[in-house]
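The data block below is my_file-v9.cif; it holds mmCIF, C-alpha atoms.
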data_entry
#
loop_
_atom_site.group_PDB
_atom_site.id
_atom_site.type_symbol
_atom_site.label_atom_id
_atom_site.label_comp_id
_atom_site.auth_asym_id
_atom_site.auth_seq_id
_atom_site.Cartn_x
_atom_site.Cartn_y
_atom_site.Cartn_z
ATOM 1 C CA MET A 117 -41.881 -13.310 0.257
ATOM 2 C CA ASP A 118 -38.830 -15.086 -1.070
ATOM 3 C CA ILE A 119 -36.132 -15.737 1.514
ATOM 4 C CA ASN A 120 -32.482 -16.006 0.433
ATOM 5 C CA LEU A 121 -32.803 -15.636 -3.316
ATOM 6 C CA PRO A 122 -29.312 -16.678 -4.475
ATOM 7 C CA ASP A 123 -28.646 -13.539 -6.558
ATOM 8 C CA VAL A 124 -29.739 -11.252 -3.719
ATOM 9 C CA VAL A 125 -27.652 -13.171 -1.173
ATOM 10 C CA ALA A 126 -24.661 -12.762 -3.520
ATOM 11 C CA GLU A 127 -25.251 -8.996 -3.752
ATOM 12 C CA VAL A 128 -25.541 -8.541 0.015
ATOM 13 C CA THR A 129 -22.543 -10.796 0.630
ATOM 14 C CA ALA A 130 -20.449 -8.653 -1.734
ATOM 15 C CA ALA A 131 -21.632 -5.447 -0.040
ATOM 16 C CA PHE A 132 -20.889 -6.887 3.406
ATOM 17 C CA GLN A 133 -17.427 -8.075 2.337
ATOM 18 C CA ARG A 134 -16.738 -4.609 0.934
ATOM 19 C CA TYR A 135 -17.828 -3.139 4.270
ATOM 20 C CA GLU A 136 -15.586 -5.520 6.231
ATOM 21 C CA THR A 137 -12.555 -4.724 4.056
ATOM 22 C CA ALA A 138 -13.198 -1.004 4.520
ATOM 23 C CA LEU A 139 -13.652 -1.447 8.273
ATOM 24 C CA VAL A 140 -10.382 -3.240 8.965
ATOM 25 C CA SER A 141 -8.435 -0.907 6.635
ATOM 26 C CA ASN A 142 -10.187 2.192 8.042
ATOM 27 C CA ASP A 143 -11.398 3.265 4.589
ATOM 28 C CA VAL A 144 -13.736 5.927 5.950
ATOM 29 C CA ALA A 145 -14.970 6.990 2.502
ATOM 30 C CA VAL A 146 -16.280 3.499 1.743
ATOM 31 C CA LEU A 147 -17.714 3.084 5.240
ATOM 32 C CA ASP A 148 -19.572 6.381 4.838
ATOM 33 C CA GLU A 149 -20.791 5.325 1.404
ATOM 34 C CA LEU A 150 -22.205 2.038 2.698
ATOM 35 C CA PHE A 151 -24.363 3.662 5.386
ATOM 36 C CA TRP A 152 -27.694 5.089 4.238
ATOM 37 C CA ASN A 153 -27.409 8.870 4.193
ATOM 38 C CA SER A 154 -30.480 9.539 6.309
ATOM 39 C CA PRO A 155 -31.374 10.913 9.726
ATOM 40 C CA HIS A 156 -33.179 7.575 10.254
ATOM 41 C CA THR A 157 -29.940 5.551 10.162
ATOM 42 C CA LEU A 158 -28.746 4.214 13.537
ATOM 43 C CA ARG A 159 -25.535 2.675 14.821
ATOM 44 C CA PHE A 160 -25.195 1.474 18.396
ATOM 45 C CA GLY A 161 -21.589 0.652 19.231
ATOM 46 C CA ALA A 162 -19.678 -0.705 22.169
ATOM 47 C CA THR A 163 -19.372 2.779 23.681
ATOM 48 C CA GLU A 164 -21.603 5.018 21.557
ATOM 49 C CA ASN A 165 -25.197 5.472 20.390
ATOM 50 C CA LEU A 166 -25.253 7.239 17.036
ATOM 51 C CA TYR A 167 -28.470 8.634 15.593
ATOM 52 C CA GLY A 168 -28.417 9.672 11.947
ATOM 53 C CA TYR A 169 -25.903 9.473 9.136
ATOM 54 C CA GLU A 170 -24.072 12.658 10.173
ATOM 55 C CA ALA A 171 -23.328 11.328 13.667
ATOM 56 C CA ILE A 172 -22.125 8.009 12.234
ATOM 57 C CA ALA A 173 -19.861 9.754 9.703
ATOM 58 C CA ALA A 174 -18.418 12.021 12.429
ATOM 59 C CA PHE A 175 -17.663 8.986 14.600
ATOM 60 C CA ARG A 176 -15.936 7.201 11.716
ATOM 61 C CA GLY A 177 -13.873 10.280 10.895
ATOM 62 C CA ALA A 178 -12.634 10.611 14.469
ATOM 63 C CA ARG A 179 -12.048 6.922 15.200
ATOM 64 C CA SER A 180 -8.511 5.632 15.656
ATOM 65 C CA PRO A 181 -7.387 3.292 12.874
ATOM 66 C CA LYS A 182 -5.527 1.087 15.372
ATOM 67 C CA GLY A 183 -6.799 -2.304 16.482
ATOM 68 C CA LEU A 184 -9.474 -2.736 13.817
ATOM 69 C CA ASP A 185 -8.212 -6.020 12.369
ATOM 70 C CA ARG A 186 -10.451 -8.925 13.266
ATOM 71 C CA THR A 187 -11.542 -12.413 12.341
ATOM 72 C CA LEU A 188 -15.216 -13.102 11.640
ATOM 73 C CA PHE A 189 -17.086 -16.282 12.470
ATOM 74 C CA ASN A 190 -20.690 -17.495 12.515
ATOM 75 C CA THR A 191 -21.716 -14.952 9.881
ATOM 76 C CA VAL A 192 -25.359 -15.313 8.855
ATOM 77 C CA ILE A 193 -26.776 -13.386 5.906
ATOM 78 C CA THR A 194 -30.521 -13.556 5.361
ATOM 79 C CA THR A 195 -32.356 -11.739 2.596
ATOM 80 C CA TYR A 196 -36.067 -10.987 2.562
ATOM 81 C CA GLY A 197 -37.393 -10.386 -0.922
ATOM 82 C CA ARG A 198 -35.130 -8.369 -3.183
ATOM 83 C CA ASP A 199 -34.611 -5.206 -1.120
ATOM 84 C CA PHE A 200 -34.037 -6.068 2.550
ATOM 85 C CA ALA A 201 -31.445 -8.133 4.411
ATOM 86 C CA THR A 202 -29.840 -8.773 7.769
ATOM 87 C CA VAL A 203 -26.226 -9.663 8.465
ATOM 88 C CA ASN A 204 -25.190 -11.004 11.856
ATOM 89 C CA THR A 205 -21.680 -12.042 12.746
ATOM 90 C CA GLU A 206 -19.335 -12.644 15.629
ATOM 91 C CA PHE A 207 -15.754 -11.422 15.623
ATOM 92 C CA GLN A 208 -12.473 -11.619 17.490
ATOM 93 C CA ARG A 209 -10.068 -8.677 17.517
ATOM 94 C CA LYS A 210 -6.608 -9.832 16.474
ATOM 95 C CA ASP A 211 -4.636 -7.502 18.742
ATOM 96 C CA SER A 212 -6.646 -7.802 21.959
ATOM 97 C CA GLY A 213 -8.365 -11.153 21.507
ATOM 98 C CA LYS A 214 -11.662 -9.552 22.552
ATOM 99 C CA THR A 215 -14.764 -11.077 21.048
ATOM 100 C CA GLY A 216 -17.924 -9.356 20.007
ATOM 101 C CA ARG A 217 -20.951 -9.445 17.803
ATOM 102 C CA GLN A 218 -22.322 -7.255 15.090
ATOM 103 C CA SER A 219 -25.715 -6.997 13.462
ATOM 104 C CA GLN A 220 -26.629 -4.940 10.431
ATOM 105 C CA THR A 221 -29.846 -4.288 8.579
ATOM 106 C CA TRP A 222 -29.308 -3.606 4.884
ATOM 107 C CA MET A 223 -31.713 -2.012 2.410
ATOM 108 C CA ARG A 224 -31.480 -1.713 -1.364
ATOM 109 C CA THR A 225 -31.529 1.968 -2.334
ATOM 110 C CA SER A 226 -31.172 3.724 -5.667
ATOM 111 C CA GLU A 227 -27.429 3.973 -4.865
ATOM 112 C CA GLY A 228 -27.115 0.261 -3.992
ATOM 113 C CA TRP A 229 -27.168 -1.729 -0.762
ATOM 114 C CA ARG A 230 -26.838 0.436 2.364
ATOM 115 C CA VAL A 231 -26.746 -0.232 6.115
ATOM 116 C CA VAL A 232 -29.778 1.362 7.748
ATOM 117 C CA SER A 233 -29.226 0.033 11.256
ATOM 118 C CA ALA A 234 -26.204 -1.481 13.002
ATOM 119 C CA HIS A 235 -25.254 -2.743 16.428
ATOM 120 C CA VAL A 236 -21.809 -3.724 17.722
ATOM 121 C CA SER A 237 -21.098 -5.057 21.188
ATOM 122 C CA LEU A 238 -18.233 -6.750 22.971
ATOM 123 C CA LEU A 239 -18.653 -9.856 25.076
ATOM 124 C CA SER A 240 -17.156 -9.885 28.571
#

Would you put the structure from the file into structure tokens?
Amino acid sequence: MDINLPDVVAEVTAAFQRYETALVSNDVAVLDELFWNSPHTLRFGATENLYGYEAIAAFRGARSPKGLDRTLFNTVITTYGRDFATVNTEFQRKDSGKTGRQSQTWMRTSEGWRVVSAHVSLLS
């Protein structure tokens, strides 16, 4: 298996950057698009455990758009072959100064790269 093929890393990096832009601007349509539309998709957040695309989309639709701006650091993107990747990053919220971490598993689908599993947690 080829790890970190440059063209695949570039694709996942672009998808992740698109996700991050949508996250901080609360572009729910793009966030929904970038999660795999499947009951197998998971997102564990700081205060919620979401099982399936529908639960994730409902959470996004109800979430407040305030306080989403953040700075990322220590972002690591690793690709495995041409169709699977992980993205791990740390972040600091600009308004509260709280720090956290985020991990995502991405899979290439017929619609493009999609998040199939995600975890977000805050550090004390």

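Here atom CA of Thr225 of chain A stands at a distance of 19.8 Å from atom CA of Ala138 of chain A.
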
Problem set entry | Interatomic distance (Å, one decimal) between atom CA of Gly216 of chain A and atom CA of Asp143 of chain A |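 Between atom CA of Gly216 of chain A and atom CA of Asp143 of chain A the gap is 21.0 Å.
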
Taking all atoms of segment 130-149 of chain A that the file lists, what box with edges along x, y and z, padded by 6 Å per side, do you get, with centre and edge lengths in Å to one decimal, as JSON?
{"center_x": -15.0, "center_y": -0.8, "center_z": 3.6, "size_x": 25.2, "size_y": 27.6, "size_z": 22.7}

For this session: List, as number ranges by chain, every residue that the PyMOL selection byres ((chain A and resi 174-184) around 12) selects in the file provided.
Result: A: 136-149, 151, 159-161, 163-173, 185-187, 207-214

For this session: For atom CA of His235 of chain A and atom CA of Ser219 of chain A, quote the distance in Å rounded to one decimal.
Result: 5.2 Å

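When the PyMOL selection byres ((chain A and resi 224) around 10) is evaluated on the file shown here, the picked residues come out as Val124, Glu127, Val128, Trp152, Arg198, Asp199, Phe200, Ala201, Trp222, Met223, Thr225, Ser226, Glu227, Gly228, Trp229, Arg230, Val231 and Val232 of chain A.
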
I need the residues from that last selection saved to file as a short mmCIF file (atom, residue, chain, number, x, y, z; two decimals), keeping the file's coordinate frame (with C-alpha atoms), if you can.
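Saved file again06.cif follows:
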data_model
loop_
_atom_site.label_atom_id
_atom_site.label_comp_id
_atom_site.auth_asym_id
_atom_site.auth_seq_id
_atom_site.Cartn_x
_atom_site.Cartn_y
_atom_site.Cartn_z
CA VAL A 124 -29.74 -11.25 -3.72
CA GLU A 127 -25.25 -9.00 -3.75
CA VAL A 128 -25.54 -8.54 0.02
CA TRP A 152 -27.69 5.09 4.24
CA ARG A 198 -35.13 -8.37 -3.18
CA ASP A 199 -34.61 -5.21 -1.12
CA PHE A 200 -34.04 -6.07 2.55
CA ALA A 201 -31.44 -8.13 4.41
CA TRP A 222 -29.31 -3.61 4.88
CA MET A 223 -31.71 -2.01 2.41
CA THR A 225 -31.53 1.97 -2.33
CA SER A 226 -31.17 3.72 -5.67
CA GLU A 227 -27.43 3.97 -4.86
CA GLY A 228 -27.12 0.26 -3.99
CA TRP A 229 -27.17 -1.73 -0.76
CA ARG A 230 -26.84 0.44 2.36
CA VAL A 231 -26.75 -0.23 6.12
CA VAL A 232 -29.78 1.36 7.75
#

For this session: Evaluate the PyMOL selection byres ((chain A and resi 239) around 7) here and jot the selected residues down as a ChimeraX atom specification.
Result: /A:215-216,237-238,240

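Shown here are all protein and nucleic acid residues lying within 12 Å of (-33.0, -18.3, 0.4), with all atoms listed in the file considered: Met117, Asp118, Ile119, Asn120, Leu121, Pro122, Asp123, Val124, Val125, Ala126, Val192, Ile193, Thr194, Thr195, Tyr196, Gly197, Arg198 and Ala201 of chain A.
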
Exercise. With distances taken over all atoms listed in the file, which of A:Thr129, A:Asn153, A:Asn190, A:Gln220 is nearest to Val203 of chain A?
Worked result: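 Selected residue with least distance to Val203 of chain A: A:Gln220.
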
Would you mind completing segment 159-178 of chain A so that it carries N, CA and C atoms, and writing it out as a compact mmCIF listing (two decimals), keeping the file's coordinate frame?
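Generated output (out38.txt):
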# COMPACT_ATOMS: atom_id res chain seq x y z
N ARG A 159 -26.64 3.58 14.53
CA ARG A 159 -25.54 2.68 14.82
C ARG A 159 -25.27 2.73 16.32
N PHE A 160 -25.50 1.59 16.98
CA PHE A 160 -25.20 1.47 18.40
C PHE A 160 -23.90 0.69 18.50
N GLY A 161 -22.89 1.29 19.11
CA GLY A 161 -21.59 0.65 19.23
C GLY A 161 -21.30 0.22 20.65
N ALA A 162 -20.09 -0.23 20.84
CA ALA A 162 -19.68 -0.70 22.17
C ALA A 162 -19.70 0.42 23.19
N THR A 163 -19.44 1.65 22.75
CA THR A 163 -19.37 2.78 23.68
C THR A 163 -20.17 3.99 23.21
N GLU A 164 -20.93 3.85 22.10
CA GLU A 164 -21.60 5.02 21.56
C GLU A 164 -22.96 4.64 20.98
N ASN A 165 -23.89 5.59 21.04
CA ASN A 165 -25.20 5.47 20.39
C ASN A 165 -25.27 6.60 19.37
N LEU A 166 -25.32 6.25 18.11
CA LEU A 166 -25.25 7.24 17.04
C LEU A 166 -26.58 7.28 16.29
N TYR A 167 -27.18 8.44 16.24
CA TYR A 167 -28.47 8.63 15.59
C TYR A 167 -28.27 9.50 14.37
N GLY A 168 -28.51 8.93 13.19
CA GLY A 168 -28.42 9.67 11.95
C GLY A 168 -27.07 9.51 11.27
N TYR A 169 -27.09 9.64 9.96
CA TYR A 169 -25.90 9.47 9.14
C TYR A 169 -24.78 10.42 9.56
N GLU A 170 -25.11 11.67 9.83
CA GLU A 170 -24.07 12.66 10.17
C GLU A 170 -23.30 12.25 11.43
N ALA A 171 -24.00 11.76 12.43
CA ALA A 171 -23.33 11.33 13.67
C ALA A 171 -22.44 10.11 13.41
N ILE A 172 -22.91 9.20 12.56
CA ILE A 172 -22.12 8.01 12.23
C ILE A 172 -20.87 8.41 11.47
N ALA A 173 -21.01 9.30 10.49
CA ALA A 173 -19.86 9.75 9.70
C ALA A 173 -18.86 10.49 10.59
N ALA A 174 -19.33 11.31 11.52
CA ALA A 174 -18.42 12.02 12.43
C ALA A 174 -17.65 11.04 13.30
N PHE A 175 -18.32 10.02 13.80
CA PHE A 175 -17.66 8.99 14.60
C PHE A 175 -16.58 8.30 13.79
N ARG A 176 -16.91 7.89 12.57
CA ARG A 176 -15.94 7.20 11.72
C ARG A 176 -14.72 8.09 11.46
N GLY A 177 -14.97 9.36 11.19
CA GLY A 177 -13.87 10.28 10.90
C GLY A 177 -12.93 10.51 12.06
N ALA A 178 -13.45 10.36 13.28
CA ALA A 178 -12.63 10.61 14.47
C ALA A 178 -12.04 9.34 15.07
